[in-house]
$ cat structure-v8.pdb   # PDB, C-alpha atoms, pLDDT in the B column
ATOM      1  CA  MET A   1      -4.008  30.388 -72.434  1.00 67.00           C
ATOM      2  CA  MET A   2      -2.514  29.510 -69.077  1.00 83.00           C
ATOM      3  CA  TRP A   3      -4.173  26.084 -69.151  1.00 88.00           C
ATOM      4  CA  ASP A   4      -5.592  24.267 -72.197  1.00 90.00           C
ATOM      5  CA  TRP A   5      -7.963  21.451 -71.232  1.00 91.00           C
ATOM      6  CA  THR A   6      -8.180  20.114 -74.785  1.00 92.00           C
ATOM      7  CA  PHE A   7      -4.408  19.764 -74.912  1.00 93.00           C
ATOM      8  CA  THR A   8      -4.479  18.210 -71.437  1.00 93.00           C
ATOM      9  CA  PHE A   9      -6.825  15.432 -72.481  1.00 94.00           C
ATOM     10  CA  GLU A  10      -4.775  14.824 -75.628  1.00 93.00           C
ATOM     11  CA  ILE A  11      -1.533  14.202 -73.736  1.00 94.00           C
ATOM     12  CA  LEU A  12      -3.092  12.369 -70.789  1.00 93.00           C
ATOM     13  CA  PRO A  13      -3.018   8.896 -72.466  1.00 93.00           C
ATOM     14  CA  VAL A  14       0.608   9.433 -73.494  1.00 93.00           C
ATOM     15  CA  LEU A  15       1.622  10.290 -69.941  1.00 93.00           C
ATOM     16  CA  ALA A  16      -0.441   7.409 -68.573  1.00 91.00           C
ATOM     17  CA  ARG A  17       1.536   4.985 -70.754  1.00 91.00           C
ATOM     18  CA  ALA A  18       4.778   6.563 -69.552  1.00 91.00           C
ATOM     19  CA  ALA A  19       3.547   6.146 -65.979  1.00 92.00           C
ATOM     20  CA  THR A  20       3.590   2.366 -66.474  1.00 92.00           C
ATOM     21  CA  MET A  21       7.319   2.619 -67.233  1.00 91.00           C
ATOM     22  CA  THR A  22       7.821   4.635 -64.051  1.00 92.00           C
ATOM     23  CA  VAL A  23       5.864   2.121 -61.962  1.00 93.00           C
ATOM     24  CA  GLU A  24       7.770  -0.769 -63.518  1.00 94.00           C
ATOM     25  CA  ALA A  25      11.118   0.893 -62.811  1.00 94.00           C
ATOM     26  CA  THR A  26      10.025   1.579 -59.233  1.00 94.00           C
ATOM     27  CA  ALA A  27       8.832  -1.976 -58.601  1.00 94.00           C
ATOM     28  CA  LEU A  28      11.915  -3.626 -60.080  1.00 96.00           C
ATOM     29  CA  GLY A  29      14.258  -1.164 -58.376  1.00 96.00           C
ATOM     30  CA  PHE A  30      12.659  -1.729 -54.988  1.00 96.00           C
ATOM     31  CA  VAL A  31      12.783  -5.522 -55.358  1.00 96.00           C
ATOM     32  CA  ILE A  32      16.516  -5.218 -56.002  1.00 97.00           C
ATOM     33  CA  ALA A  33      16.954  -2.772 -53.119  1.00 96.00           C
ATOM     34  CA  ALA A  34      14.982  -4.817 -50.581  1.00 95.00           C
ATOM     35  CA  THR A  35      16.600  -8.119 -51.554  1.00 96.00           C
ATOM     36  CA  LEU A  36      20.180  -6.905 -51.909  1.00 96.00           C
ATOM     37  CA  GLY A  37      19.841  -4.813 -48.757  1.00 95.00           C
ATOM     38  CA  LEU A  38      18.803  -7.913 -46.809  1.00 94.00           C
ATOM     39  CA  VAL A  39      21.748  -9.839 -48.247  1.00 94.00           C
ATOM     40  CA  LEU A  40      24.202  -7.112 -47.257  1.00 94.00           C
ATOM     41  CA  ALA A  41      22.786  -6.843 -43.739  1.00 93.00           C
ATOM     42  CA  SER A  42      22.825 -10.635 -43.355  1.00 91.00           C
ATOM     43  CA  ILE A  43      26.471 -10.822 -44.424  1.00 91.00           C
ATOM     44  CA  ARG A  44      27.387  -8.230 -41.802  1.00 88.00           C
ATOM     45  CA  LEU A  45      25.459 -10.232 -39.208  1.00 84.00           C
ATOM     46  CA  ALA A  46      26.739 -13.712 -40.105  1.00 82.00           C
ATOM     47  CA  PHE A  47      30.289 -12.929 -41.183  1.00 85.00           C
ATOM     48  CA  PRO A  48      31.866 -10.205 -39.020  1.00 80.00           C
ATOM     49  CA  ALA A  49      35.142 -10.579 -40.920  1.00 82.00           C
ATOM     50  CA  ALA A  50      33.398  -9.442 -44.092  1.00 85.00           C
ATOM     51  CA  GLY A  51      31.509  -6.723 -42.235  1.00 83.00           C
ATOM     52  CA  VAL A  52      34.213  -4.116 -42.809  1.00 88.00           C
ATOM     53  CA  ALA A  53      34.157  -4.627 -46.576  1.00 91.00           C
ATOM     54  CA  VAL A  54      30.360  -4.471 -46.661  1.00 92.00           C
ATOM     55  CA  THR A  55      30.365  -1.325 -44.502  1.00 91.00           C
ATOM     56  CA  VAL A  56      32.846   0.371 -46.833  1.00 93.00           C
ATOM     57  CA  LEU A  57      30.739  -0.601 -49.846  1.00 93.00           C
ATOM     58  CA  VAL A  58      27.533   0.683 -48.246  1.00 94.00           C
ATOM     59  CA  GLU A  59      29.117   3.995 -47.272  1.00 93.00           C
ATOM     60  CA  LEU A  60      30.628   4.394 -50.733  1.00 95.00           C
ATOM     61  CA  ILE A  61      27.242   3.915 -52.376  1.00 95.00           C
ATOM     62  CA  ARG A  62      25.409   6.163 -49.914  1.00 93.00           C
ATOM     63  CA  SER A  63      28.024   8.914 -50.198  1.00 93.00           C
ATOM     64  CA  THR A  64      27.945   9.287 -53.978  1.00 95.00           C
ATOM     65  CA  PRO A  65      25.067  10.783 -55.998  1.00 95.00           C
ATOM     66  CA  LEU A  66      22.622   8.404 -57.629  1.00 95.00           C
ATOM     67  CA  LEU A  67      22.990  10.205 -60.959  1.00 95.00           C
ATOM     68  CA  ILE A  68      26.715   9.440 -61.036  1.00 95.00           C
ATOM     69  CA  GLN A  69      25.967   5.778 -60.349  1.00 96.00           C
ATOM     70  CA  ILE A  70      23.461   5.713 -63.215  1.00 96.00           C
ATOM     71  CA  PHE A  71      26.048   7.226 -65.552  1.00 96.00           C
ATOM     72  CA  PHE A  72      28.671   4.756 -64.320  1.00 95.00           C
ATOM     73  CA  LEU A  73      26.554   1.697 -65.089  1.00 95.00           C
ATOM     74  CA  TYR A  74      25.404   3.032 -68.450  1.00 95.00           C
ATOM     75  CA  PHE A  75      28.543   4.713 -69.802  1.00 95.00           C
ATOM     76  CA  VAL A  76      31.514   3.190 -67.933  1.00 95.00           C
ATOM     77  CA  LEU A  77      30.634  -0.505 -67.655  1.00 94.00           C
ATOM     78  CA  PRO A  78      30.620  -0.933 -71.461  1.00 93.00           C
ATOM     79  CA  LYS A  79      34.351  -0.123 -71.341  1.00 92.00           C
ATOM     80  CA  ALA A  80      34.707  -3.343 -69.346  1.00 91.00           C
ATOM     81  CA  GLY A  81      32.576  -5.280 -71.795  1.00 92.00           C
ATOM     82  CA  ILE A  82      29.349  -5.094 -69.761  1.00 93.00           C
ATOM     83  CA  VAL A  83      26.713  -3.407 -71.899  1.00 93.00           C
ATOM     84  CA  LEU A  84      23.315  -2.631 -70.380  1.00 93.00           C
ATOM     85  CA  ASP A  85      20.385  -0.974 -72.068  1.00 94.00           C
ATOM     86  CA  ALA A  86      19.234   2.323 -70.592  1.00 93.00           C
ATOM     87  CA  PHE A  87      16.273   0.915 -68.654  1.00 94.00           C
ATOM     88  CA  THR A  88      18.275  -1.969 -67.157  1.00 95.00           C
ATOM     89  CA  ALA A  89      21.181   0.284 -66.188  1.00 95.00           C
ATOM     90  CA  GLY A  90      18.851   2.822 -64.594  1.00 95.00           C
ATOM     91  CA  VAL A  91      16.854   0.267 -62.624  1.00 96.00           C
ATOM     92  CA  ALA A  92      20.025  -1.507 -61.485  1.00 97.00           C
ATOM     93  CA  ALA A  93      21.575   1.769 -60.330  1.00 96.00           C
ATOM     94  CA  ILE A  94      18.456   2.775 -58.390  1.00 97.00           C
ATOM     95  CA  GLY A  95      18.187  -0.696 -56.843  1.00 97.00           C
ATOM     96  CA  ILE A  96      21.842  -0.821 -55.783  1.00 97.00           C
ATOM     97  CA  HIS A  97      21.750   2.733 -54.451  1.00 97.00           C
ATOM     98  CA  TYR A  98      18.739   2.110 -52.239  1.00 97.00           C
ATOM     99  CA  ALA A  99      20.000  -1.346 -51.235  1.00 97.00           C
ATOM    100  CA  ALA A 100      22.677   0.479 -49.245  1.00 96.00           C
ATOM    101  CA  TYR A 101      19.998   2.375 -47.321  1.00 96.00           C
ATOM    102  CA  CYS A 102      17.788  -0.692 -46.885  1.00 96.00           C
ATOM    103  CA  SER A 103      20.738  -2.666 -45.495  1.00 95.00           C
ATOM    104  CA  GLU A 104      21.044  -0.145 -42.668  1.00 93.00           C
ATOM    105  CA  VAL A 105      17.340  -0.501 -41.938  1.00 94.00           C
ATOM    106  CA  TYR A 106      17.635  -4.292 -41.768  1.00 94.00           C
ATOM    107  CA  ARG A 107      20.757  -4.021 -39.612  1.00 91.00           C
ATOM    108  CA  ALA A 108      18.874  -1.862 -37.106  1.00 90.00           C
ATOM    109  CA  GLY A 109      16.092  -4.458 -37.051  1.00 90.00           C
ATOM    110  CA  PHE A 110      18.541  -7.289 -36.396  1.00 90.00           C
ATOM    111  CA  GLU A 111      20.277  -5.375 -33.627  1.00 87.00           C
ATOM    112  CA  ASN A 112      16.960  -4.882 -31.827  1.00 87.00           C
ATOM    113  CA  ILE A 113      16.529  -8.638 -31.408  1.00 86.00           C
ATOM    114  CA  PRO A 114      17.609  -9.624 -27.869  1.00 86.00           C
ATOM    115  CA  ARG A 115      20.744 -11.743 -27.692  1.00 82.00           C
ATOM    116  CA  GLY A 116      18.763 -14.257 -25.672  1.00 83.00           C
ATOM    117  CA  GLN A 117      16.879 -15.257 -28.831  1.00 82.00           C
ATOM    118  CA  TRP A 118      20.097 -16.521 -30.371  1.00 79.00           C
ATOM    119  CA  GLU A 119      21.155 -18.248 -27.145  1.00 81.00           C
ATOM    120  CA  ALA A 120      17.788 -19.975 -26.796  1.00 84.00           C
ATOM    121  CA  SER A 121      18.055 -21.229 -30.376  1.00 83.00           C
ATOM    122  CA  ILE A 122      21.488 -22.662 -29.685  1.00 79.00           C
ATOM    123  CA  ALA A 123      20.097 -24.364 -26.586  1.00 82.00           C
ATOM    124  CA  LEU A 124      17.346 -25.909 -28.735  1.00 82.00           C
ATOM    125  CA  ASN A 125      20.016 -27.174 -31.153  1.00 83.00           C
ATOM    126  CA  LEU A 126      18.653 -25.153 -34.070  1.00 82.00           C
ATOM    127  CA  SER A 127      20.979 -24.517 -36.990  1.00 84.00           C
ATOM    128  CA  PRO A 128      22.094 -20.916 -37.613  1.00 81.00           C
ATOM    129  CA  TRP A 129      20.080 -20.848 -40.861  1.00 83.00           C
ATOM    130  CA  ASN A 130      16.868 -22.066 -39.209  1.00 85.00           C
ATOM    131  CA  THR A 131      17.402 -19.658 -36.350  1.00 85.00           C
ATOM    132  CA  PHE A 132      17.746 -16.757 -38.739  1.00 85.00           C
ATOM    133  CA  LYS A 133      14.893 -17.818 -41.033  1.00 84.00           C
ATOM    134  CA  ASP A 134      12.305 -18.905 -38.478  1.00 85.00           C
ATOM    135  CA  ILE A 135      13.075 -16.814 -35.397  1.00 86.00           C
ATOM    136  CA  ILE A 136      15.186 -13.722 -36.087  1.00 86.00           C
ATOM    137  CA  LEU A 137      13.848 -12.589 -39.456  1.00 87.00           C
ATOM    138  CA  PRO A 138      10.111 -12.775 -38.564  1.00 85.00           C
ATOM    139  CA  GLN A 139      10.788 -10.584 -35.526  1.00 87.00           C
ATOM    140  CA  ALA A 140      13.106  -8.133 -37.259  1.00 87.00           C
ATOM    141  CA  LEU A 141      11.019  -7.386 -40.352  1.00 86.00           C
ATOM    142  CA  PRO A 142       7.719  -5.951 -39.008  1.00 85.00           C
ATOM    143  CA  PRO A 143       9.294  -3.003 -37.120  1.00 87.00           C
ATOM    144  CA  VAL A 144      11.317  -1.929 -40.167  1.00 91.00           C
ATOM    145  CA  VAL A 145       8.429  -1.963 -42.683  1.00 90.00           C
ATOM    146  CA  PRO A 146       7.672   1.790 -42.231  1.00 89.00           C
ATOM    147  CA  ALA A 147      11.311   2.699 -42.911  1.00 91.00           C
ATOM    148  CA  LEU A 148      11.419   0.445 -45.967  1.00 92.00           C
ATOM    149  CA  GLY A 149       8.182   2.041 -47.129  1.00 91.00           C
ATOM    150  CA  ASN A 150       9.734   5.489 -46.877  1.00 92.00           C
ATOM    151  CA  TYR A 151      12.569   4.349 -49.112  1.00 94.00           C
ATOM    152  CA  LEU A 152      10.070   2.910 -51.587  1.00 93.00           C
ATOM    153  CA  ILE A 153       8.448   6.318 -51.946  1.00 92.00           C
ATOM    154  CA  ALA A 154      11.848   8.037 -52.119  1.00 93.00           C
ATOM    155  CA  LEU A 155      12.971   5.567 -54.802  1.00 93.00           C
ATOM    156  CA  PHE A 156       9.793   6.230 -56.763  1.00 92.00           C
ATOM    157  CA  LYS A 157      10.490   9.966 -56.750  1.00 91.00           C
ATOM    158  CA  GLU A 158      14.050   9.360 -57.990  1.00 93.00           C
ATOM    159  CA  THR A 159      12.887   7.719 -61.239  1.00 92.00           C
ATOM    160  CA  PRO A 160      12.952  11.047 -63.154  1.00 92.00           C
ATOM    161  CA  LEU A 161      16.743  10.736 -63.016  1.00 93.00           C
ATOM    162  CA  LEU A 162      16.405   7.952 -65.577  1.00 93.00           C
ATOM    163  CA  SER A 163      15.579  10.642 -68.118  1.00 89.00           C
ATOM    164  CA  ALA A 164      19.280  11.553 -68.008  1.00 90.00           C
ATOM    165  CA  ILE A 165      19.996   8.383 -70.012  1.00 91.00           C
ATOM    166  CA  ALA A 166      16.902   8.815 -72.229  1.00 83.00           C
ATOM    167  CA  VAL A 167      14.576   6.356 -70.515  1.00 87.00           C
ATOM    168  CA  LEU A 168      11.059   7.377 -71.535  1.00 82.00           C
ATOM    169  CA  GLU A 169       9.565   7.527 -68.063  1.00 88.00           C
ATOM    170  CA  LEU A 170       7.112  10.221 -66.980  1.00 89.00           C
ATOM    171  CA  MET A 171       9.487  13.166 -66.752  1.00 89.00           C
ATOM    172  CA  GLN A 172      11.268  12.463 -70.015  1.00 89.00           C
ATOM    173  CA  THR A 173       7.927  12.043 -71.797  1.00 92.00           C
ATOM    174  CA  ALA A 174       6.690  15.362 -70.386  1.00 92.00           C
ATOM    175  CA  LYS A 175       9.897  17.079 -71.529  1.00 91.00           C
ATOM    176  CA  ASN A 176       9.491  15.611 -75.013  1.00 92.00           C
ATOM    177  CA  ILE A 177       5.878  16.829 -75.193  1.00 93.00           C
ATOM    178  CA  GLY A 178       6.963  20.267 -74.064  1.00 92.00           C
ATOM    179  CA  SER A 179       9.781  20.493 -76.604  1.00 92.00           C
ATOM    180  CA  GLU A 180       7.438  19.469 -79.419  1.00 92.00           C
ATOM    181  CA  THR A 181       4.497  21.710 -78.498  1.00 90.00           C
ATOM    182  CA  PHE A 182       6.218  24.513 -76.558  1.00 90.00           C
ATOM    183  CA  ARG A 183       3.689  23.961 -73.773  1.00 91.00           C
ATOM    184  CA  TYR A 184       5.206  22.775 -70.513  1.00 91.00           C
ATOM    185  CA  THR A 185       2.560  23.818 -67.998  1.00 92.00           C
ATOM    186  CA  GLU A 186       0.136  20.961 -68.677  1.00 93.00           C
ATOM    187  CA  PRO A 187       2.598  18.035 -69.024  1.00 94.00           C
ATOM    188  CA  VAL A 188       4.767  19.024 -66.062  1.00 93.00           C
ATOM    189  CA  THR A 189       1.713  19.647 -63.865  1.00 94.00           C
ATOM    190  CA  LEU A 190       0.230  16.292 -64.833  1.00 94.00           C
ATOM    191  CA  VAL A 191       3.519  14.573 -63.980  1.00 93.00           C
ATOM    192  CA  GLY A 192       3.371  16.174 -60.544  1.00 93.00           C
ATOM    193  CA  VAL A 193      -0.196  14.939 -60.092  1.00 93.00           C
ATOM    194  CA  PHE A 194       0.781  11.428 -61.187  1.00 92.00           C
ATOM    195  CA  PHE A 195       3.628  11.339 -58.665  1.00 92.00           C
ATOM    196  CA  LEU A 196       1.422  12.717 -55.903  1.00 92.00           C
ATOM    197  CA  VAL A 197      -1.341  10.164 -56.490  1.00 92.00           C
ATOM    198  CA  MET A 198       1.022   7.206 -56.784  1.00 89.00           C
ATOM    199  CA  SER A 199       2.972   8.283 -53.698  1.00 90.00           C
ATOM    200  CA  LEU A 200      -0.243   8.521 -51.669  1.00 91.00           C
ATOM    201  CA  VAL A 201      -1.359   5.099 -52.906  1.00 90.00           C
ATOM    202  CA  SER A 202       2.027   3.601 -52.008  1.00 88.00           C
ATOM    203  CA  ALA A 203       1.895   5.162 -48.557  1.00 87.00           C
ATOM    204  CA  GLY A 204      -1.597   3.723 -48.018  1.00 89.00           C
ATOM    205  CA  ILE A 205      -0.467   0.233 -49.034  1.00 88.00           C
ATOM    206  CA  ILE A 206       2.500   0.459 -46.670  1.00 88.00           C
ATOM    207  CA  ARG A 207       0.246   1.467 -43.777  1.00 87.00           C
ATOM    208  CA  MET A 208      -2.079  -1.457 -44.542  1.00 88.00           C
ATOM    209  CA  LEU A 209       0.877  -3.857 -44.616  1.00 85.00           C
ATOM    210  CA  GLU A 210       2.167  -2.446 -41.338  1.00 82.00           C
ATOM    211  CA  SER A 211      -1.241  -2.893 -39.681  1.00 83.00           C
ATOM    212  CA  TRP A 212      -1.521  -6.441 -41.013  1.00 82.00           C
ATOM    213  CA  LEU A 213       1.901  -7.375 -39.652  1.00 76.00           C
ATOM    214  CA  GLN A 214       1.066  -5.893 -36.247  1.00 74.00           C
ATOM    215  CA  ARG A 215      -2.099  -7.999 -36.015  1.00 73.00           C
ATOM    216  CA  ARG A 216      -0.269 -11.247 -36.698  1.00 67.00           C
TER     217      ARG A 216
END

$ encode --input "structure-v8.pdb" --output "structure tokens"
Amino acid sequence: MMWDWTFTFEILPVLARAATMTVEATALGFVIAATLGLVLASIRLAFPAAGVAVTVLVELIRSTPLLIQIFFLYFVLPKAGIVLDAFTAGVAAIGIHYAAYCSEVYRAGFENIPRGQWEASIALNLSPWNTFKDIILPQALPPVVPALGNYLIALFKETPLLSAIAVLELMQTAKNIGSETFRYTEPVTLVGVFFLVMSLVSAGIIRMLESWLQRR
């Protein structure tokens, strides 16, 4: 049989449980990416002397494959005494990798703020921190939400790479089912459907957030 519906319904709960691992990895990875990316962009903005080092770091991360970074955190760091479990290493690698991309998005948002905003804040005797927190950041974030949303979806679709270090996310679970039953059509197809549905839901949430920010 090309497609076995009985088998499909049997493996559906198993894949649904694995989907929670994928969603968790995506959420945690994106929190790391969005937060660390903002920190990196802020350092480049506030401390030009450190900007060169941050730029080199960002380009190094962006120019090397994510899979190599996952392997580095999981297999190489233990040599230095830093041992991470597979899930933590994978999420950290994904978060750091996409933090480099998010930092460029934030940097573009900061550069679009007119210089007069900073000068007006100085004239009002506002501290640099209050200027950044209350004036610059609220103006810089809304325009970059669509770009950050694109990276969220891209990050989500990168989670199958965690199977390389035996994290039981969706793809690894589908591969295990296939190796045990010698049927790959149903599990792999269902994984594709899961990713499609969750990507569309994420895109819808991003559009709603973008509309909400524009109305404020």

$ residues_around --input "structure-v8.pdb" --residues "Thr181 of chain A" --least-positions-apart "5" --cutoff "12 Å" --atoms "only C-alpha atoms" --output "list in words"
Phe7, Thr8, Glu10, Ile11, Ala174, Lys175, Asn176, Glu186 and Pro187 of chain A

$ resolve_selection --input "structure-v8.pdb" --expression "the PyMOL selection byres ((chain A and resi 141-157) around 10)" --output "NGL selection string"
:A and (22-27 or 29-31 or 33-34 or 94-95 or 97-99 or 101-103 or 105-110 or 112 or 136-140 or 158-161 or 195-196 or 198-207 or 209-214 or 216)

$ residues_around --input "structure-v8.pdb" --residues "segment 67-82 of chain A" --least-positions-apart "3" --cutoff "6 Å" --atoms "all atoms listed in the file" --output "PDB file with C-alpha atoms, in the coordinates of the input"
ATOM      1  CA  ALA A  89      21.181   0.284 -66.188  1.00 95.00           C
ATOM      2  CA  GLY A  90      18.851   2.822 -64.594  1.00 95.00           C
ATOM      3  CA  ALA A  93      21.575   1.769 -60.330  1.00 96.00           C
TER       4      ALA A  93
END

$ axis_aligned_box --input "structure-v8.pdb" --around "segment 165-179 of chain A" --padding-each-side "4 Å" --output "JSON"
{"center_x": 12.9, "center_y": 13.4, "center_z": -71.7, "size_x": 22.1, "size_y": 22.1, "size_z": 17.9}

$ atom_distance --input "structure-v8.pdb" --atom1 "atom CA of Trp129 of chain A" --atom2 "atom CA of Arg215 of chain A"
26.1 Å

$ closest_residue --input "structure-v8.pdb" --among "A:Ala16, A:Val191, A:Met21, A:Met171" --to "Phe87 of chain A" --atoms "only C-alpha atoms"
A:Met21

$ closest_residue --input "structure-v8.pdb" --among "A:Ala53, A:Leu190, A:Ile135, A:Leu36" --to "Arg115 of chain A" --atoms "only C-alpha atoms"
A:Ile135

$ build_atoms --input "structure-v8.pdb" --residues "segment 158-187 of chain A" --atoms "N, CA and C atoms" --output "PDB file, in the frame of the given file"
ATOM      1  N   GLU A 158      12.744   9.233 -57.337  1.00 93.00           N
ATOM      2  CA  GLU A 158      14.050   9.360 -57.990  1.00 93.00           C
ATOM      3  C   GLU A 158      14.008   8.911 -59.447  1.00 93.00           C
ATOM      4  N   THR A 159      12.925   8.248 -59.873  1.00 92.00           N
ATOM      5  CA  THR A 159      12.887   7.719 -61.239  1.00 92.00           C
ATOM      6  C   THR A 159      13.042   8.782 -62.337  1.00 92.00           C
ATOM      7  N   PRO A 160      12.679  10.063 -62.100  1.00 92.00           N
ATOM      8  CA  PRO A 160      12.952  11.047 -63.154  1.00 92.00           C
ATOM      9  C   PRO A 160      14.425  11.156 -63.540  1.00 92.00           C
ATOM     10  N   LEU A 161      15.320  10.706 -62.665  1.00 93.00           N
ATOM     11  CA  LEU A 161      16.743  10.736 -63.016  1.00 93.00           C
ATOM     12  C   LEU A 161      17.052   9.821 -64.199  1.00 93.00           C
ATOM     13  N   LEU A 162      16.180   8.845 -64.444  1.00 93.00           N
ATOM     14  CA  LEU A 162      16.405   7.952 -65.577  1.00 93.00           C
ATOM     15  C   LEU A 162      16.298   8.698 -66.904  1.00 93.00           C
ATOM     16  N   SER A 163      15.670   9.855 -66.885  1.00 89.00           N
ATOM     17  CA  SER A 163      15.579  10.642 -68.118  1.00 89.00           C
ATOM     18  C   SER A 163      16.955  11.109 -68.577  1.00 89.00           C
ATOM     19  N   ALA A 164      17.927  11.124 -67.652  1.00 90.00           N
ATOM     20  CA  ALA A 164      19.280  11.553 -68.008  1.00 90.00           C
ATOM     21  C   ALA A 164      19.937  10.601 -68.999  1.00 90.00           C
ATOM     22  N   ILE A 165      19.470   9.342 -69.030  1.00 91.00           N
ATOM     23  CA  ILE A 165      19.996   8.383 -70.012  1.00 91.00           C
ATOM     24  C   ILE A 165      18.897   7.994 -71.005  1.00 91.00           C
ATOM     25  N   ALA A 166      17.937   8.916 -71.182  1.00 83.00           N
ATOM     26  CA  ALA A 166      16.902   8.815 -72.229  1.00 83.00           C
ATOM     27  C   ALA A 166      15.918   7.677 -72.027  1.00 83.00           C
ATOM     28  N   VAL A 167      15.655   7.296 -70.777  1.00 87.00           N
ATOM     29  CA  VAL A 167      14.576   6.356 -70.515  1.00 87.00           C
ATOM     30  C   VAL A 167      13.263   7.128 -70.564  1.00 87.00           C
ATOM     31  N   LEU A 168      12.310   6.639 -71.329  1.00 82.00           N
ATOM     32  CA  LEU A 168      11.059   7.377 -71.535  1.00 82.00           C
ATOM     33  C   LEU A 168      10.086   7.130 -70.386  1.00 82.00           C
ATOM     34  N   GLU A 169      10.498   7.567 -69.190  1.00 88.00           N
ATOM     35  CA  GLU A 169       9.565   7.527 -68.063  1.00 88.00           C
ATOM     36  C   GLU A 169       8.750   8.821 -68.075  1.00 88.00           C
ATOM     37  N   LEU A 170       8.037   9.091 -67.004  1.00 89.00           N
ATOM     38  CA  LEU A 170       7.112  10.221 -66.980  1.00 89.00           C
ATOM     39  C   LEU A 170       7.781  11.559 -67.294  1.00 89.00           C
ATOM     40  N   MET A 171       8.876  11.845 -66.603  1.00 89.00           N
ATOM     41  CA  MET A 171       9.487  13.166 -66.752  1.00 89.00           C
ATOM     42  C   MET A 171      10.043  13.368 -68.144  1.00 89.00           C
ATOM     43  N   GLN A 172      10.715  12.350 -68.665  1.00 89.00           N
ATOM     44  CA  GLN A 172      11.268  12.463 -70.015  1.00 89.00           C
ATOM     45  C   GLN A 172      10.158  12.642 -71.041  1.00 89.00           C
ATOM     46  N   THR A 173       9.056  11.913 -70.875  1.00 92.00           N
ATOM     47  CA  THR A 173       7.927  12.043 -71.797  1.00 92.00           C
ATOM     48  C   THR A 173       7.338  13.448 -71.734  1.00 92.00           C
ATOM     49  N   ALA A 174       7.207  13.995 -70.528  1.00 92.00           N
ATOM     50  CA  ALA A 174       6.690  15.362 -70.386  1.00 92.00           C
ATOM     51  C   ALA A 174       7.619  16.370 -71.050  1.00 92.00           C
ATOM     52  N   LYS A 175       8.932  16.174 -70.891  1.00 91.00           N
ATOM     53  CA  LYS A 175       9.897  17.079 -71.529  1.00 91.00           C
ATOM     54  C   LYS A 175       9.797  16.992 -73.052  1.00 91.00           C
ATOM     55  N   ASN A 176       9.625  15.774 -73.561  1.00 92.00           N
ATOM     56  CA  ASN A 176       9.491  15.611 -75.013  1.00 92.00           C
ATOM     57  C   ASN A 176       8.231  16.317 -75.533  1.00 92.00           C
ATOM     58  N   ILE A 177       7.124  16.158 -74.792  1.00 93.00           N
ATOM     59  CA  ILE A 177       5.878  16.829 -75.193  1.00 93.00           C
ATOM     60  C   ILE A 177       6.079  18.343 -75.188  1.00 93.00           C
ATOM     61  N   GLY A 178       6.728  18.830 -74.157  1.00 92.00           N
ATOM     62  CA  GLY A 178       6.963  20.267 -74.064  1.00 92.00           C
ATOM     63  C   GLY A 178       7.841  20.793 -75.186  1.00 92.00           C
ATOM     64  N   SER A 179       8.880  20.035 -75.539  1.00 92.00           N
ATOM     65  CA  SER A 179       9.781  20.493 -76.604  1.00 92.00           C
ATOM     66  C   SER A 179       9.116  20.457 -77.972  1.00 92.00           C
ATOM     67  N   GLU A 180       8.133  19.569 -78.131  1.00 92.00           N
ATOM     68  CA  GLU A 180       7.438  19.469 -79.419  1.00 92.00           C
ATOM     69  C   GLU A 180       6.312  20.490 -79.555  1.00 92.00           C
ATOM     70  N   THR A 181       5.677  20.835 -78.447  1.00 90.00           N
ATOM     71  CA  THR A 181       4.497  21.710 -78.498  1.00 90.00           C
ATOM     72  C   THR A 181       4.740  23.093 -77.911  1.00 90.00           C
ATOM     73  N   PHE A 182       5.889  23.256 -77.238  1.00 90.00           N
ATOM     74  CA  PHE A 182       6.218  24.513 -76.558  1.00 90.00           C
ATOM     75  C   PHE A 182       5.213  24.836 -75.462  1.00 90.00           C
ATOM     76  N   ARG A 183       4.574  23.807 -74.929  1.00 91.00           N
ATOM     77  CA  ARG A 183       3.689  23.961 -73.773  1.00 91.00           C
ATOM     78  C   ARG A 183       4.189  23.005 -72.694  1.00 91.00           C
ATOM     79  N   TYR A 184       4.662  23.584 -71.604  1.00 91.00           N
ATOM     80  CA  TYR A 184       5.206  22.775 -70.513  1.00 91.00           C
ATOM     81  C   TYR A 184       4.292  22.747 -69.297  1.00 91.00           C
ATOM     82  N   THR A 185       3.397  23.720 -69.198  1.00 92.00           N
ATOM     83  CA  THR A 185       2.560  23.818 -67.998  1.00 92.00           C
ATOM     84  C   THR A 185       1.740  22.556 -67.786  1.00 92.00           C
ATOM     85  N   GLU A 186       1.027  22.120 -68.821  1.00 93.00           N
ATOM     86  CA  GLU A 186       0.136  20.961 -68.677  1.00 93.00           C
ATOM     87  C   GLU A 186       0.915  19.658 -68.427  1.00 93.00           C
ATOM     88  N   PRO A 187       1.923  19.315 -69.253  1.00 94.00           N
ATOM     89  CA  PRO A 187       2.598  18.035 -69.024  1.00 94.00           C
ATOM     90  C   PRO A 187       3.336  17.972 -67.696  1.00 94.00           C
TER      91      PRO A 187
END
